[in-house]
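Peer 1: Quick one: this structure, given as structure tokens, is what I'll be asking you about.
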Amino acid sequence: MGVLSVRGLTKHYGDTVAVEDLSFEVERGEVFGFLGPNGAGKTTTIRAVLGFHAPTEGTAELFGRDVRDESALLEAKRNVGYLPSSPAFDGDVTGRRYLDFHADLKGDSRRAELLDLFTPPLDRKIREYSTGNKQMLGLVQTFMHDPDLVVMDEPTSGLDPLKQEQFNQFVRDERARGTTLFLSSHVLAEVRRICDRVGIIRRGHLVALEDVESLLERGGKRVRVQTDPPLDPGDLGVAGVVDFERLGPEARFTFTGDYDALLDALAARTVLDLEIEEPPLEDVFMHYYGAAPDAREDDTEADESRDDTETRNDAETHDDAEGRDGAETRNDAETRDDPGADAGTRGDADGA
Amino acid sequence: MPDVTRYEAGRRVRGTLALTLGLGVFGLMMIAIFPSISASGVDFEAYAESLPPAIQAGFNVSSITTIEGFLAVELYQFLWLLLLGLYLAYAGGGTVAGDVESGRAELLLAAPISRARFLLEKFLSLFVPVVVLNLVVPLFVYGGVIAVGESLSAVDLVAVHVLSVPYLLVCGSLGLVLSTLVFRSDVAQRGGIALVFALFLLDSITADTDYEWLGTLSPTRYYDPTEVLVESTYDVAGATVLLVAAILLVYASVAVFRRRDL
């Protein structure tokens, strides 16, 4: 039995389908990455799993308890830690007061130990906190009651690269302690460093569920190379070159073959410049999960605009009853997007 | 005290103390001008009778030249019934809508705490202003009355405050209902104010008309400070109606909140 089981989960907001017939299991002790572009339905899934949003159809179980049953859900939550994508706090209390409050609700057996690792200024009011400090406070409250399952929505989005590496190490240590981790991300490079297994969600559908290793193998690498003379298609004579294109003197392609063969082929030429990097998540989708190549541009755009649509629709469901204006509501919908966008840029820079 | 209530109550302490001090000092100032009003010889009764019926009813303007009547109109009809009623509706409107809107509710509800408990405990924190104001402000009032050489029935004074508690709770729970219906704190808060004010008007403008029965919808119909102070009549039945209404409204809020996507 999985620690977290999602069974045929479907969530509609009015006419918008946020997730459709989603099923997967997170096993005890693994780090599961829930990967997908912004607006794919990651947060919706997490909200349904934690009982914040009622599933339209299907359900989820935490430690075998159905999340639709509130008393069962509460029992399960004793053992769950949750970190939203941009955690919001009461600004008028100090970090210490806030943690005391959470300790009353769920316990704090690990608080001291976590505060050695993460160091938000506890005696200051939270409204004075930087994004990084808020994220650290959020991490402490997520883990302080020593939960067996931790759910994190875009956990590294507010962290600078140094803290991000610290966070990765922390996740590995947690895994070694036996904690099960479920974390969402839209950056492949982030997930590959810490996850054992990955579920990929796209437009509300689960499109892949596999080990990080095999995902990366299938995803290949993005290669940019300048040689003298410039390469033409077929010049390399190596298997696994996909989507070859030439931009001036630079050749660009995705490589899924044997690295030795590629390096040998390149070594036989004069290499002026070479970059080998993680492919963007969208490319992994394009090549391995069935999107037609000519749909590529549209697809990317569609995903982005969908992001807006989803959050806005989300807002609208909140709006319906009271007729507020969707576009300017729920500031959090916007703030939730922003760090995501940041992380995207950072992720890209990281890869390059 | 339950965990959420203790936490929320702590956050209300500062604002409550400021409000208590403000109302206490305002009360003293009003009482301080009473001697000159009663000594001025101006016919306030005639002035009061010349006011439109709705205003007479709304603020229960009567016997303004006695200290009881003066307090009833200037302090209790205006400050307690209207201003505090609006304040409680505003505070009630802010209970959960803001938490849900900002995402703070997610962090709390990820802990093993039911939505019903979350809502109830938040509502209970409204007792902080209700209790503190009703304990402290009468001390200011009584002291002020003694200081200007007047006298006032202490029992009536206690009664006017005790009977205001169910009224204020109804105002708070009207805000609470809005807070669960509209997950936007500014809308819920302003809506709470508008609702209580509209009910106050409804009671006032229908007074002495064929539509007077409409006023029974308004909580202001069941709490009359003038009656308590001037006539020493205590409307216990009215207070009971208010208490039952408050409980039903809170119950309705829980029912709504449990069903909604946050």
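Numbering starts fresh at 1 for the residues of each chain in the structure tokens, the chains themselves are lettered A, B, ... in the order given, and ligands are numbered from 1 as they appear.
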Which residues of chain B are close to chain A, meaning at most 7 Å apart when you count only C-alpha atoms, and how do they look as a VMD selection string?

Peer 2: chain B and resid 3 7 101 to 104 110 to 114 182 to 183 261 to 262

Peer 1: Quick one: pull the distance between atom CA of Gly2 of chain A and atom CA of Arg28 of chain A, Å, one decimal.

Peer 2: 6.3 Å

Peer 1: Name the closest residue to Gly178 of chain A among the candidates A:Pro249, A:Pro161, A:Pro147, A:Pro230; distances are taken between atoms, counting only C-alpha atoms.

Peer 2: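 Residue with the minimum atom-to-atom distance to Gly178 of chain A: A:Pro147.
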
Peer 1: Skip segment 196-213 of chain A itself and residues of its chain fewer than 2 positions away, then list as number ranges by chain all residues within 9 Å of it, counting only C-alpha atoms.

Peer 2: A: 10-11, 17-24, 26, 30-37, 39-42, 45, 191-194, 215-218, 285, 289, 303, 306

Peer 1: Counting only C-alpha atoms, which residues of segment 105-188 of chain B fall within 12 Å of segment 61-80 of chain B, and what is the closest atom pair for each with its distance in Å at one decimal, ordered by chain and rising number, as a tab-separated table?

Peer 2:
residue	atom	partner	partner_atom	distance
B:Val130	CA	B:Trp80	CA	10.5
B:Leu133	CA	B:Trp80	CA	9.8
B:Asn134	CA	B:Trp80	CA	9.7
B:Val137	CA	B:Trp80	CA	10.5
B:Pro138	CA	B:Tyr76	CA	10.8
B:Phe140	CA	B:Leu75	CA	11.9
B:Val141	CA	B:Leu71	CA	8.8
B:Tyr142	CA	B:Leu71	CA	10.7
B:Gly144	CA	B:Leu71	CA	11.0
B:Val145	CA	B:Ile67	CA	8.0
B:Ile146	CA	B:Ile67	CA	10.9
B:Val148	CA	B:Ile67	CA	10.2
B:Gly149	CA	B:Ile67	CA	10.5
B:Glu150	CA	B:Ile67	CA	7.2
B:Ser151	CA	B:Ile67	CA	7.9
B:Leu152	CA	B:Glu68	CA	7.0
B:Ser153	CA	B:Glu68	CA	8.8
B:Ala154	CA	B:Glu68	CA	11.2
B:Asp156	CA	B:Glu68	CA	9.4
B:Leu157	CA	B:Glu68	CA	9.4
B:Val160	CA	B:Tyr76	CA	8.3
B:His161	CA	B:Trp80	CA	8.9
B:Val162	CA	B:Trp80	CA	11.8
B:Leu163	CA	B:Trp80	CA	11.0
B:Ser164	CA	B:Trp80	CA	7.7
B:Val165	CA	B:Trp80	CA	10.2
B:Tyr167	CA	B:Trp80	CA	9.7
B:Leu168	CA	B:Trp80	CA	8.6
B:Cys171	CA	B:Trp80	CA	11.5

Peer 1: Considering only C-alpha atoms, state which residue in the set A:Glu190, A:Leu262, A:Gly95, A:Leu117 is at the smallest distance from Asp173 of chain A.

Peer 2: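 Result for the nearest residue to Asp173 of chain A: A:Leu117.
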
Peer 1: Please provide as an MDAnalysis selection string all residues within 10 Å of Thr206 of chain B, with the sequence filter that same-chain residues fewer than 5 positions apart are discarded (counting only C-alpha atoms).

Peer 2: chainID B and resid 53:54 57:58 201 211:216

Peer 1: Name the residues of segment 76-206 of chain B that come out as helix (DSSP H, G or I) in a backbone DSSP run; write them as a ChimeraX atom specification.

Peer 2: /B:76-93,97-102,104-109,115-124,127-147,154-162,164-181,185-206

Peer 1: Have a look at B:Val131, B:Leu124, B:Leu108, B:Ala89 and name the one nearest to Leu176 of chain B; count only C-alpha atoms.

Peer 2: B:Ala89

Peer 1: Which distance in Å separates atom CA of Arg11 of chain B and atom CA of Ile126 of chain A, to one decimal?

Peer 2: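 Atom CA of Arg11 of chain B sits 13.3 Å away from atom CA of Ile126 of chain A.
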
Peer 1: With distances taken over only C-alpha atoms, which residue among B:Thr16, B:Ser173, B:Ser218, B:Gln189 lies nearest Leu202 of chain B?

Peer 2: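 Among the listed residues, the smallest separation from Leu202 of chain B belongs to B:Ser218.
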
Peer 1: Hey, which of A:Ala189, A:Cys195, A:Ala265, A:Leu274 ends up closest to Gly219 of chain A? Count only C-alpha atoms.

Peer 2: A:Ala189
